[in-house]
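Novice: input_30.pdb is reproduced in full below (PDB, C-alpha atoms).
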```pdb
MODEL        1
ATOM      1  CA  MET A   1      23.992  -4.822   9.466
ATOM      2  CA  ARG A   2      22.579  -8.320   9.797
ATOM      3  CA  VAL A   3      21.799 -10.068   6.521
ATOM      4  CA  GLU A   4      18.592 -11.505   8.008
ATOM      5  CA  TYR A   5      17.087  -8.008   7.802
ATOM      6  CA  ILE A   6      17.438  -7.794   4.039
ATOM      7  CA  ASN A   7      16.082 -11.235   3.151
ATOM      8  CA  PRO A   8      12.413 -10.378   3.851
ATOM      9  CA  PHE A   9      12.762  -7.310   1.602
ATOM     10  CA  VAL A  10      14.293  -9.312  -1.242
ATOM     11  CA  GLU A  11      11.740 -12.134  -0.920
ATOM     12  CA  SER A  12       8.887  -9.611  -0.794
ATOM     13  CA  SER A  13      10.242  -7.711  -3.810
ATOM     14  CA  VAL A  14      10.327 -10.897  -5.832
ATOM     15  CA  SER A  15       6.871 -12.092  -4.737
ATOM     16  CA  VAL A  16       5.087  -8.708  -4.964
ATOM     17  CA  MET A  17       6.593  -7.857  -8.360
ATOM     18  CA  THR A  18       5.751 -11.295  -9.735
ATOM     19  CA  GLU A  19       2.180 -10.972  -8.427
ATOM     20  CA  VAL A  20       1.503  -7.348  -9.363
ATOM     21  CA  LEU A  21       3.404  -7.116 -12.641
ATOM     22  CA  GLY A  22       2.867 -10.682 -13.812
ATOM     23  CA  ILE A  23       6.481 -11.037 -14.978
ATOM     24  CA  ASP A  24       9.523 -13.114 -14.082
ATOM     25  CA  VAL A  25      12.036 -11.411 -11.824
ATOM     26  CA  GLU A  26      15.572 -12.455 -11.035
ATOM     27  CA  ARG A  27      17.536 -11.676  -7.888
ATOM     28  CA  LYS A  28      21.172 -10.665  -8.487
ATOM     29  CA  GLU A  29      24.180 -10.694  -6.159
ATOM     30  CA  ILE A  30      24.042  -8.822  -2.845
ATOM     31  CA  SER A  31      26.668  -6.143  -2.152
ATOM     32  CA  LEU A  32      27.645  -4.101   0.888
ATOM     33  CA  ARG A  33      28.012  -0.314   0.591
ATOM     34  CA  SER A  34      29.479   1.644   3.442
ATOM     35  CA  LYS A  35      29.912   5.046   1.784
ATOM     36  CA  ALA A  36      27.585   7.356  -0.128
ATOM     37  CA  VAL A  37      25.592   5.327  -2.611
ATOM     38  CA  PRO A  38      24.525   6.703  -5.999
ATOM     39  CA  VAL A  39      20.774   6.620  -6.422
ATOM     40  CA  LEU A  40      19.077   6.049  -9.798
ATOM     41  CA  ASP A  41      16.551   8.552 -11.296
ATOM     42  CA  VAL A  42      13.530   7.481  -9.219
ATOM     43  CA  ALA A  43      13.686   6.380  -5.577
ATOM     44  CA  VAL A  44      11.054   5.413  -3.003
ATOM     45  CA  ILE A  45      12.161   5.574   0.607
ATOM     46  CA  VAL A  46      10.421   4.095   3.652
ATOM     47  CA  GLY A  47      11.603   4.662   7.217
ATOM     48  CA  LEU A  48      11.451   2.104  10.031
ATOM     49  CA  VAL A  49      11.268   3.183  13.663
ATOM     50  CA  GLY A  50      11.280   0.982  16.762
ATOM     51  CA  GLN A  51      13.241  -2.094  17.771
ATOM     52  CA  VAL A  52      14.750  -1.989  14.279
ATOM     53  CA  GLU A  53      15.455   1.408  12.747
ATOM     54  CA  GLY A  54      16.761   2.770   9.498
ATOM     55  CA  ARG A  55      15.427   2.980   5.966
ATOM     56  CA  VAL A  56      14.682   0.998   2.850
ATOM     57  CA  LEU A  57      15.166   2.510  -0.586
ATOM     58  CA  PHE A  58      13.971   1.190  -3.928
ATOM     59  CA  ASP A  59      15.555   2.911  -6.917
ATOM     60  CA  MET A  60      15.345   2.539 -10.671
ATOM     61  CA  SER A  61      15.843   4.458 -13.919
ATOM     62  CA  LYS A  62      13.010   6.682 -15.146
ATOM     63  CA  LYS A  63      12.514   4.338 -18.107
ATOM     64  CA  THR A  64      12.066   1.332 -15.784
ATOM     65  CA  ALA A  65       9.705   3.365 -13.585
ATOM     66  CA  LEU A  66       7.518   4.302 -16.572
ATOM     67  CA  ASN A  67       7.483   0.680 -17.774
ATOM     68  CA  ILE A  68       6.285  -0.451 -14.338
ATOM     69  CA  VAL A  69       3.751   2.370 -14.024
ATOM     70  CA  SER A  70       2.305   1.531 -17.464
ATOM     71  CA  LYS A  71       2.021  -2.141 -16.563
ATOM     72  CA  MET A  72       0.376  -1.486 -13.188
ATOM     73  CA  ASN A  73      -2.136   0.967 -14.691
ATOM     74  CA  GLU A  74      -2.783  -1.185 -17.759
ATOM     75  CA  GLU A  75      -2.207   1.811 -20.049
ATOM     76  CA  GLU A  76       0.846   3.473 -21.556
ATOM     77  CA  ILE A  77       2.053   6.313 -19.356
ATOM     78  CA  LYS A  78       4.788   8.498 -20.839
ATOM     79  CA  GLU A  79       5.101  11.296 -18.285
ATOM     80  CA  PHE A  80       6.333  10.869 -14.735
ATOM     81  CA  ASP A  81       3.245  12.636 -13.345
ATOM     82  CA  GLU A  82       1.341  12.394 -10.040
ATOM     83  CA  LEU A  83      -0.267   9.064 -10.946
ATOM     84  CA  ALA A  84       3.119   7.652 -11.967
ATOM     85  CA  LYS A  85       4.675   8.785  -8.669
ATOM     86  CA  ALA A  86       1.768   7.318  -6.687
ATOM     87  CA  THR A  87       2.041   4.030  -8.565
ATOM     88  CA  ILE A  88       5.764   3.572  -7.912
ATOM     89  CA  THR A  89       5.289   4.667  -4.300
ATOM     90  CA  GLU A  90       2.553   2.077  -3.919
ATOM     91  CA  LEU A  91       4.798  -0.654  -5.318
ATOM     92  CA  GLY A  92       7.429   0.272  -2.686
ATOM     93  CA  ASN A  93       4.704   0.378  -0.045
ATOM     94  CA  MET A  94       3.435  -3.117  -0.894
ATOM     95  CA  ILE A  95       6.942  -4.607  -0.903
ATOM     96  CA  THR A  96       7.827  -2.931   2.402
ATOM     97  CA  GLY A  97       4.491  -3.887   3.935
ATOM     98  CA  ARG A  98       4.985  -7.553   3.158
ATOM     99  CA  ALA A  99       8.602  -7.502   4.386
ATOM    100  CA  VAL A 100       7.685  -5.696   7.592
ATOM    101  CA  THR A 101       4.952  -8.276   8.219
ATOM    102  CA  LYS A 102       7.571 -11.042   7.868
ATOM    103  CA  LEU A 103       9.975  -9.235  10.227
ATOM    104  CA  SER A 104       7.141  -8.704  12.676
ATOM    105  CA  ASP A 105       6.364 -12.450  12.545
ATOM    106  CA  MET A 106      10.064 -13.005  13.379
ATOM    107  CA  GLY A 107       9.526 -11.003  16.586
ATOM    108  CA  TYR A 108      10.799  -7.524  15.630
ATOM    109  CA  ARG A 109       8.562  -4.659  16.766
ATOM    110  CA  PHE A 110       8.540  -1.362  14.877
ATOM    111  CA  ASP A 111       6.462   1.061  12.815
ATOM    112  CA  VAL A 112       6.928   2.278   9.259
ATOM    113  CA  THR A 113       6.658   5.819   7.960
ATOM    114  CA  PRO A 114       4.511   6.628   4.903
ATOM    115  CA  PRO A 115       6.668   6.133   1.784
ATOM    116  CA  ALA A 116       8.243   9.170   0.103
ATOM    117  CA  ILE A 117       9.374   9.396  -3.516
ATOM    118  CA  PHE A 118      12.310  11.304  -4.994
ATOM    119  CA  ALA A 119      13.103  11.861  -8.645
ATOM    120  CA  GLY A 120      16.145  13.608 -10.093
ATOM    121  CA  ASP A 121      19.595  13.254 -11.630
ATOM    122  CA  ASN A 122      22.874  12.390  -9.934
ATOM    123  CA  MET A 123      21.317  11.727  -6.539
ATOM    124  CA  GLU A 124      23.168   9.939  -3.776
ATOM    125  CA  ILE A 125      22.362   8.829  -0.248
ATOM    126  CA  SER A 126      24.648   8.750   2.789
ATOM    127  CA  ASP A 127      23.740   7.016   6.027
ATOM    128  CA  VAL A 128      25.871   8.026   8.970
ATOM    129  CA  GLU A 129      27.194   4.937  10.788
ATOM    130  CA  LEU A 130      24.865   2.714   8.847
ATOM    131  CA  GLU A 131      25.987   0.261   6.198
ATOM    132  CA  ALA A 132      23.648  -0.492   3.321
ATOM    133  CA  LEU A 133      23.026  -3.831   1.685
ATOM    134  CA  VAL A 134      22.026  -3.628  -1.956
ATOM    135  CA  VAL A 135      20.296  -6.328  -3.984
ATOM    136  CA  PRO A 136      19.472  -5.682  -7.645
ATOM    137  CA  ILE A 137      16.341  -7.292  -9.066
ATOM    138  CA  GLU A 138      16.359  -7.809 -12.825
ATOM    139  CA  THR A 139      13.045  -7.851 -14.712
ATOM    140  CA  SER A 140      11.882  -7.580 -18.313
ATOM    141  CA  LEU A 141      10.709  -4.042 -17.451
ATOM    142  CA  GLY A 142      14.159  -3.021 -16.205
ATOM    143  CA  ARG A 143      16.303  -3.238 -13.089
ATOM    144  CA  ILE A 144      15.308  -2.209  -9.559
ATOM    145  CA  GLU A 145      17.799  -1.915  -6.704
ATOM    146  CA  ILE A 146      16.731  -2.655  -3.148
ATOM    147  CA  ASN A 147      18.920  -0.760  -0.738
ATOM    148  CA  VAL A 148      18.417  -1.596   2.942
ATOM    149  CA  ALA A 149      20.145   0.152   5.846
ATOM    150  CA  LEU A 150      18.784  -1.030   9.215
ATOM    151  CA  ARG A 151      20.065  -1.659  12.686
ATOM    152  CA  GLU A 152      18.709  -2.925  15.979
ATOM    153  CA  LYS A 153      18.231  -0.097  18.430
TER     154      LYS A 153
ATOM    155  CA  MET B   1     -29.514 -16.437 -18.530
ATOM    156  CA  ASP B   2     -29.818 -13.278 -16.450
ATOM    157  CA  ARG B   3     -26.615 -11.712 -15.170
ATOM    158  CA  PRO B   4     -26.381 -11.972 -11.337
ATOM    159  CA  LYS B   5     -27.253  -8.789  -9.452
ATOM    160  CA  PRO B   6     -24.123  -6.622  -9.055
ATOM    161  CA  ILE B   7     -22.632  -6.735  -5.537
ATOM    162  CA  GLY B   8     -22.918  -2.951  -5.319
ATOM    163  CA  GLU B   9     -26.726  -2.989  -5.569
ATOM    164  CA  LYS B  10     -29.103  -3.234  -2.599
ATOM    165  CA  LYS B  11     -32.315  -5.242  -2.468
ATOM    166  CA  ASP B  12     -34.314  -2.159  -3.485
ATOM    167  CA  GLY B  13     -32.068  -1.559  -6.510
ATOM    168  CA  SER B  14     -30.257   1.474  -5.050
ATOM    169  CA  ARG B  15     -26.439   1.428  -4.890
ATOM    170  CA  PHE B  16     -24.169   1.000  -1.873
ATOM    171  CA  LYS B  17     -22.283   4.246  -1.237
ATOM    172  CA  VAL B  18     -18.547   4.082  -0.519
ATOM    173  CA  LEU B  19     -16.104   6.589   0.962
ATOM    174  CA  ILE B  20     -12.449   5.836   0.133
ATOM    175  CA  ILE B  21      -9.808   7.138   2.563
ATOM    176  CA  ASP B  22      -6.321   6.512   1.137
ATOM    177  CA  ASP B  23      -3.324   8.757   0.461
ATOM    178  CA  SER B  24      -2.401   7.021  -2.813
ATOM    179  CA  VAL B  25      -4.080   8.226  -6.012
ATOM    180  CA  PHE B  26      -3.076   4.910  -7.548
ATOM    181  CA  VAL B  27      -4.990   2.922  -4.898
ATOM    182  CA  VAL B  28      -7.984   5.266  -5.117
ATOM    183  CA  LYS B  29      -8.064   4.766  -8.895
ATOM    184  CA  GLN B  30      -7.674   0.985  -8.567
ATOM    185  CA  LEU B  31     -10.366   0.677  -5.874
ATOM    186  CA  THR B  32     -12.765   2.969  -7.734
ATOM    187  CA  GLN B  33     -12.450   0.839 -10.876
ATOM    188  CA  ILE B  34     -13.053  -2.379  -8.915
ATOM    189  CA  LEU B  35     -16.054  -0.942  -7.055
ATOM    190  CA  GLN B  36     -17.648   0.700 -10.075
ATOM    191  CA  SER B  37     -17.359  -2.553 -12.026
ATOM    192  CA  GLU B  38     -19.922  -3.965  -9.556
ATOM    193  CA  ASN B  39     -22.064  -0.833  -9.538
ATOM    194  CA  PHE B  40     -20.978   0.598  -6.168
ATOM    195  CA  GLU B  41     -21.174   4.385  -5.940
ATOM    196  CA  VAL B  42     -17.929   6.008  -4.788
ATOM    197  CA  ILE B  43     -19.367   9.143  -3.211
ATOM    198  CA  ASP B  44     -16.114  10.736  -2.081
ATOM    199  CA  CYS B  45     -12.378  10.223  -1.415
ATOM    200  CA  ALA B  46      -9.939  11.626   1.124
ATOM    201  CA  ASP B  47      -6.145  11.442   1.155
ATOM    202  CA  ASP B  48      -5.604  11.549   4.912
ATOM    203  CA  GLY B  49      -7.423  10.585   8.096
ATOM    204  CA  VAL B  50      -8.308  14.147   9.123
ATOM    205  CA  VAL B  51     -10.072  14.962   5.855
ATOM    206  CA  GLY B  52     -11.479  11.418   5.792
ATOM    207  CA  LEU B  53     -13.176  11.919   9.158
ATOM    208  CA  GLU B  54     -14.573  15.290   8.037
ATOM    209  CA  LYS B  55     -15.987  13.744   4.864
ATOM    210  CA  PHE B  56     -17.439  10.824   6.824
ATOM    211  CA  LYS B  57     -19.311  13.252   9.109
ATOM    212  CA  GLU B  58     -20.368  15.403   6.153
ATOM    213  CA  HIS B  59     -21.943  12.452   4.290
ATOM    214  CA  HIS B  60     -23.244  10.606   7.374
ATOM    215  CA  PRO B  61     -25.648   8.721   7.440
ATOM    216  CA  ASN B  62     -25.545   8.334   3.650
ATOM    217  CA  ILE B  63     -22.446   6.124   3.616
ATOM    218  CA  ASP B  64     -22.671   2.338   3.541
ATOM    219  CA  ILE B  65     -18.983   1.421   3.468
ATOM    220  CA  ILE B  66     -15.720   3.158   4.289
ATOM    221  CA  THR B  67     -12.449   1.743   2.962
ATOM    222  CA  LEU B  68      -9.612   2.944   5.151
ATOM    223  CA  ASP B  69      -5.845   2.875   4.612
ATOM    224  CA  ILE B  70      -3.616   2.560   7.702
ATOM    225  CA  THR B  71      -0.310   4.300   6.963
ATOM    226  CA  MET B  72      -1.345   7.856   6.130
ATOM    227  CA  PRO B  73      -0.073  11.350   6.905
ATOM    228  CA  LYS B  74      -1.705  13.630   9.527
ATOM    229  CA  MET B  75      -3.846  10.922  11.155
ATOM    230  CA  ASP B  76      -3.266   7.193  10.724
ATOM    231  CA  GLY B  77      -5.990   4.721   9.826
ATOM    232  CA  ILE B  78      -6.362   3.158  13.284
ATOM    233  CA  THR B  79      -6.972   6.548  14.934
ATOM    234  CA  THR B  80      -9.370   7.476  12.127
ATOM    235  CA  LEU B  81     -11.210   4.175  12.632
ATOM    236  CA  GLU B  82     -11.557   4.835  16.372
ATOM    237  CA  LYS B  83     -12.973   8.311  15.718
ATOM    238  CA  ILE B  84     -15.400   6.999  13.088
ATOM    239  CA  MET B  85     -16.644   4.326  15.514
ATOM    240  CA  GLU B  86     -16.965   6.914  18.301
ATOM    241  CA  PHE B  87     -19.242   8.922  16.002
ATOM    242  CA  ASP B  88     -21.271   5.932  14.818
ATOM    243  CA  LYS B  89     -20.431   2.488  16.139
ATOM    244  CA  LYS B  90     -22.563   0.839  13.433
ATOM    245  CA  SER B  91     -20.276   2.098  10.646
ATOM    246  CA  THR B  92     -19.015  -0.470   8.166
ATOM    247  CA  VAL B  93     -15.268   0.054   7.837
ATOM    248  CA  ILE B  94     -12.930  -2.140   5.801
ATOM    249  CA  MET B  95      -9.239  -1.622   6.445
ATOM    250  CA  ILE B  96      -6.911  -1.826   3.447
ATOM    251  CA  SER B  97      -3.177  -1.925   4.052
ATOM    252  CA  ALA B  98       0.115  -3.235   2.724
ATOM    253  CA  LEU B  99       0.861  -4.200   6.340
ATOM    254  CA  GLY B 100      -0.480  -7.582   7.434
ATOM    255  CA  LYS B 101       1.042  -7.470  10.928
ATOM    256  CA  GLU B 102      -1.018  -9.535  13.336
ATOM    257  CA  ASP B 103      -1.133  -6.777  15.962
ATOM    258  CA  LEU B 104      -2.540  -4.273  13.460
ATOM    259  CA  VAL B 105      -5.170  -6.694  12.180
ATOM    260  CA  LYS B 106      -6.263  -7.498  15.757
ATOM    261  CA  LYS B 107      -6.262  -3.843  16.774
ATOM    262  CA  SER B 108      -8.401  -2.911  13.750
ATOM    263  CA  LEU B 109     -10.952  -5.660  14.314
ATOM    264  CA  LEU B 110     -11.152  -4.894  18.040
ATOM    265  CA  ALA B 111     -11.704  -1.212  17.222
ATOM    266  CA  GLY B 112     -14.690  -2.176  15.086
ATOM    267  CA  ALA B 113     -13.435  -2.766  11.524
ATOM    268  CA  LYS B 114     -15.524  -5.378   9.721
ATOM    269  CA  SER B 115     -12.700  -6.708   7.555
ATOM    270  CA  TYR B 116      -9.004  -6.242   6.789
ATOM    271  CA  ILE B 117      -7.594  -6.567   3.280
ATOM    272  CA  VAL B 118      -3.839  -6.866   2.747
ATOM    273  CA  LYS B 119      -2.502  -5.353  -0.490
ATOM    274  CA  PRO B 120      -1.745  -5.990  -3.348
ATOM    275  CA  LEU B 121      -5.402  -5.564  -4.245
ATOM    276  CA  ASP B 122      -7.016  -7.754  -6.807
ATOM    277  CA  ARG B 123     -10.592  -7.475  -7.979
ATOM    278  CA  LYS B 124     -11.687 -10.923  -6.815
ATOM    279  CA  LYS B 125     -10.236 -10.572  -3.299
ATOM    280  CA  VAL B 126     -11.721  -7.101  -2.737
ATOM    281  CA  LEU B 127     -15.196  -8.014  -3.979
ATOM    282  CA  GLU B 128     -15.309 -11.272  -2.021
ATOM    283  CA  ARG B 129     -14.463  -9.468   1.221
ATOM    284  CA  ILE B 130     -16.994  -6.727   0.611
ATOM    285  CA  GLU B 131     -19.669  -9.241  -0.303
ATOM    286  CA  THR B 132     -19.046 -11.103   2.964
ATOM    287  CA  VAL B 133     -19.273  -7.881   4.972
ATOM    288  CA  LEU B 134     -22.505  -6.919   3.239
ATOM    289  CA  LYS B 135     -24.128 -10.333   3.689
ATOM    290  CA  GLY B 136     -27.690  -9.850   4.828
ATOM    291  CA  GLU B 137     -27.878  -6.294   3.548
ATOM    292  CA  ARG B 138     -28.065  -7.184  -0.146
TER     293      ARG B 138
ENDMDL
END
```
Would you write the structure of this file as structure tokens?
Specialist:
Amino acid sequence: MRVEYINPFVESSVSVMTEVLGIDVERKEISLRSKAVPVLDVAVIVGLVGQVEGRVLFDMSKKTALNIVSKMNEEEIKEFDELAKATITELGNMITGRAVTKLSDMGYRFDVTPPAIFAGDNMEISDVELEALVVPIETSLGRIEINVALREK
Amino acid sequence: MDRPKPIGEKKDGSRFKVLIIDDSVFVVKQLTQILQSENFEVIDCADDGVVGLEKFKEHHPNIDIITLDITMPKMDGITTLEKIMEFDKKSTVIMISALGKEDLVKKSLLAGAKSYIVKPLDRKKVLERIETVLKGER
């Protein structure tokens, strides 16, 4: 997978999280995963279809998710309920939207699927014939991993 | 000094009525709070384009503004916009999306949307856009 695909997602994660959450975020080292990847408690997945295809996954611990949800709703939220799911999904949606806009400006043509959210224990994701690039983002609310597996059709 | 007239109030003192079509309860909550803070009346919400179109027809002509998401299940925002404009080409539709792709913005405006707001939403940005769209009607 070309590294240029992941950069817009990392840049958008940093800018959207800084803007929406009003906190400092720090990008950590990128890594390549070619086998099944463990997924943290809460994961938002967005599919891309067109000239570039694949998926983008944002995952985090439940504690981090609740910290983010509370911040975005300006109230303490303790249960991972429908509003919490919608809030985390929307964060993933905004990050993906901004990244997709950047990729589109670079000349790539494709559509995105509505984001879906998964929550559970011991989850993992396998992408057949598709390597994933993972970039962790460290924040005062916890750590989020951006996991991008895309290829040109 | 008197407080300026809220953006959500018409010349005659009645309130602008808004239909929100968006599949995210978080966005619906956020938009409702922003709109109500300026005295708009959120008359209904829909979480996909199919239900959104039904609710638009049900409340028509008592809707002043429709806020419309683009990436939604069942029927996307662009198709919903086209169907709304087919029904009443004078409708005031404001697109709201995380996607700022030039082709989508152009397509929306050509199909009749009055404005296009790229998320994340903040109170100032949303109210400024709506105020511009409503210019002349307030």
Novice: Around the point (-22.8, 9.8, 2.2) in the file's coordinates, collect all residues with an atom within 9 Å, using all atoms listed in the file, and return them as a PyMOL selection string.
Specialist: chain B and resi 17-19+43-44+55-64
Novice: Tell me, counting only C-alpha atoms, for each residue of range 41-121 of chain B within 10 Å of range 13-37 of chain A, which pair of atoms is nearest and how far apart they are in Å to one decimal, in rows ordered by chain and increasing number, as CSV.
Specialist:
```
residue,atom,partner,partner_atom,distance
B:Lys119,CA,A:Val16,CA,9.4
B:Pro120,CA,A:Val20,CA,7.0
B:Leu121,CA,A:Val20,CA,8.8
```
Novice: Quick one: which residues end up in the PyMOL selection byres ((chain B and resi 6) around 9) for this structure, as a list of chain:residue names?
Specialist: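 Answer for the PyMOL selection byres ((chain B and resi 6) around 9): B:Arg3, B:Pro4, B:Lys5, B:Ile7, B:Gly8, B:Glu9, B:Lys10, B:Ser37, B:Glu38, B:Asn39, B:Phe40.
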Novice: Take the PyMOL selection byres ((chain A) within 8 of (chain B)), run it mentally on this structure, and tell me the resulting residues as a PyMOL selection string.
Specialist: chain A and resi 16+20+82-83+86-87+90+93-98+100-101+104-105+112-114
Novice: Residues as selected, C-alpha atoms, written as a JSON list (two decimals), keeping the file's coordinate frame, can you do that?
Specialist:
```json
[["chain", "number", "residue", "atom", "x", "y", "z"],
["A", 16, "VAL", "CA", 5.09, -8.71, -4.96],
["A", 20, "VAL", "CA", 1.50, -7.35, -9.36],
["A", 82, "GLU", "CA", 1.34, 12.39, -10.04],
["A", 83, "LEU", "CA", -0.27, 9.06, -10.95],
["A", 86, "ALA", "CA", 1.77, 7.32, -6.69],
["A", 87, "THR", "CA", 2.04, 4.03, -8.56],
["A", 90, "GLU", "CA", 2.55, 2.08, -3.92],
["A", 93, "ASN", "CA", 4.70, 0.38, -0.04],
["A", 94, "MET", "CA", 3.44, -3.12, -0.89],
["A", 95, "ILE", "CA", 6.94, -4.61, -0.90],
["A", 96, "THR", "CA", 7.83, -2.93, 2.40],
["A", 97, "GLY", "CA", 4.49, -3.89, 3.94],
["A", 98, "ARG", "CA", 4.99, -7.55, 3.16],
["A", 100, "VAL", "CA", 7.68, -5.70, 7.59],
["A", 101, "THR", "CA", 4.95, -8.28, 8.22],
["A", 104, "SER", "CA", 7.14, -8.70, 12.68],
["A", 105, "ASP", "CA", 6.36, -12.45, 12.54],
["A", 112, "VAL", "CA", 6.93, 2.28, 9.26],
["A", 113, "THR", "CA", 6.66, 5.82, 7.96],
["A", 114, "PRO", "CA", 4.51, 6.63, 4.90]]
```
Novice: What residues come out when you apply the PyMOL selection byres ((chain B and resi 52) around 9) to this file, written as an MDAnalysis selection string?
Specialist: chainID B and resid 19:22 45:51 53:57 68 80
Novice: What would the file look like if the residues just selected were written as a PDB file, in the frame of the given file with C-alpha atoms?
Specialist:
```pdb
ATOM      1  CA  LEU B  19     -16.104   6.589   0.962  1.00  0.00           C
ATOM      2  CA  ILE B  20     -12.449   5.836   0.133  1.00  0.00           C
ATOM      3  CA  ILE B  21      -9.808   7.138   2.563  1.00  0.00           C
ATOM      4  CA  ASP B  22      -6.321   6.512   1.137  1.00  0.00           C
ATOM      5  CA  CYS B  45     -12.378  10.223  -1.415  1.00  0.00           C
ATOM      6  CA  ALA B  46      -9.939  11.626   1.124  1.00  0.00           C
ATOM      7  CA  ASP B  47      -6.145  11.442   1.155  1.00  0.00           C
ATOM      8  CA  ASP B  48      -5.604  11.549   4.912  1.00  0.00           C
ATOM      9  CA  GLY B  49      -7.423  10.585   8.096  1.00  0.00           C
ATOM     10  CA  VAL B  50      -8.308  14.147   9.123  1.00  0.00           C
ATOM     11  CA  VAL B  51     -10.072  14.962   5.855  1.00  0.00           C
ATOM     12  CA  LEU B  53     -13.176  11.919   9.158  1.00  0.00           C
ATOM     13  CA  GLU B  54     -14.573  15.290   8.037  1.00  0.00           C
ATOM     14  CA  LYS B  55     -15.987  13.744   4.864  1.00  0.00           C
ATOM     15  CA  PHE B  56     -17.439  10.824   6.824  1.00  0.00           C
ATOM     16  CA  LYS B  57     -19.311  13.252   9.109  1.00  0.00           C
ATOM     17  CA  LEU B  68      -9.612   2.944   5.151  1.00  0.00           C
ATOM     18  CA  THR B  80      -9.370   7.476  12.127  1.00  0.00           C
TER      19      THR B  80
END
```
Novice: For CA of Gly142 in chain A and CA of Met60 in chain A, quote the distance in Å rounded to one decimal.
Specialist: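 Between CA of Gly142 in chain A and CA of Met60 in chain A the gap works out to 7.9 Å.
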Novice: One decimal, Å: what's the distance from CA of Gln51 in chain A over to CA of Lys153 in chain A, could you say?
Specialist: 5.4 Å
Novice: I'd like to know which of B:Leu35, B:Ile96, B:Met75, B:Leu81 is closest to Ser115 in chain B, using all atoms listed in the file.
Specialist: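 Closest candidate: B:Ile96.
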Novice: Between B:Ile84, B:Ile117, B:Leu134, B:Val126, which has the minimum distance to Asp69 in chain B (counting only C-alpha atoms)?
Specialist: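 The shortest atom-to-atom distance to Asp69 in chain B comes from B:Ile117.
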Novice: Report the distance between CA of Phe58 in chain A and CA of Glu124 in chain A in Å, rounded to one decimal place.
Specialist: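 Value for the CA of Phe58 in chain A-CA of Glu124 in chain A distance: 12.7 Å.
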Novice: Give the answer as one residue: which of B:Ile65, B:Phe16, B:Val28, B:Phe87 has the shortest atom-to-atom distance to Glu41 in chain B, using only C-alpha atoms?
Specialist: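 The answer is B:Phe16, which sits nearest to Glu41 in chain B.
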Novice: Excluding Val42 in chain A and any residue of its chain fewer than 2 positions from it, enumerate the residues within 8 Å of it, using only C-alpha atoms, and give them as a VMD selection string.
Specialist: chain A and resid 39 to 40 44 59 to 62 65 117 to 120
Novice: Please write the residues from the selection above to a file, keeping C-alpha atoms, as an mmCIF file, in the frame of the given file.
Specialist:
```
data_model
loop_
_atom_site.group_PDB
_atom_site.id
_atom_site.type_symbol
_atom_site.label_atom_id
_atom_site.label_comp_id
_atom_site.auth_asym_id
_atom_site.auth_seq_id
_atom_site.Cartn_x
_atom_site.Cartn_y
_atom_site.Cartn_z
ATOM 1 C CA VAL A 39 20.774 6.620 -6.422
ATOM 2 C CA LEU A 40 19.077 6.049 -9.798
ATOM 3 C CA VAL A 44 11.054 5.413 -3.003
ATOM 4 C CA ASP A 59 15.555 2.911 -6.917
ATOM 5 C CA MET A 60 15.345 2.539 -10.671
ATOM 6 C CA SER A 61 15.843 4.458 -13.919
ATOM 7 C CA LYS A 62 13.010 6.682 -15.146
ATOM 8 C CA ALA A 65 9.705 3.365 -13.585
ATOM 9 C CA ILE A 117 9.374 9.396 -3.516
ATOM 10 C CA PHE A 118 12.310 11.304 -4.994
ATOM 11 C CA ALA A 119 13.103 11.861 -8.645
ATOM 12 C CA GLY A 120 16.145 13.608 -10.093
#
```
Novice: Once 5 Å is added on each side, what centre and edge lengths in Å to one decimal does the axis-aligned box around all listed atoms of range 46-63 of chain A have, as AutoDock Vina command-line options?
Specialist:
```
--center_x 13.6 --center_y 2.3 --center_z -0.2 --size_x 16.3 --size_y 18.8 --size_z 45.9
```
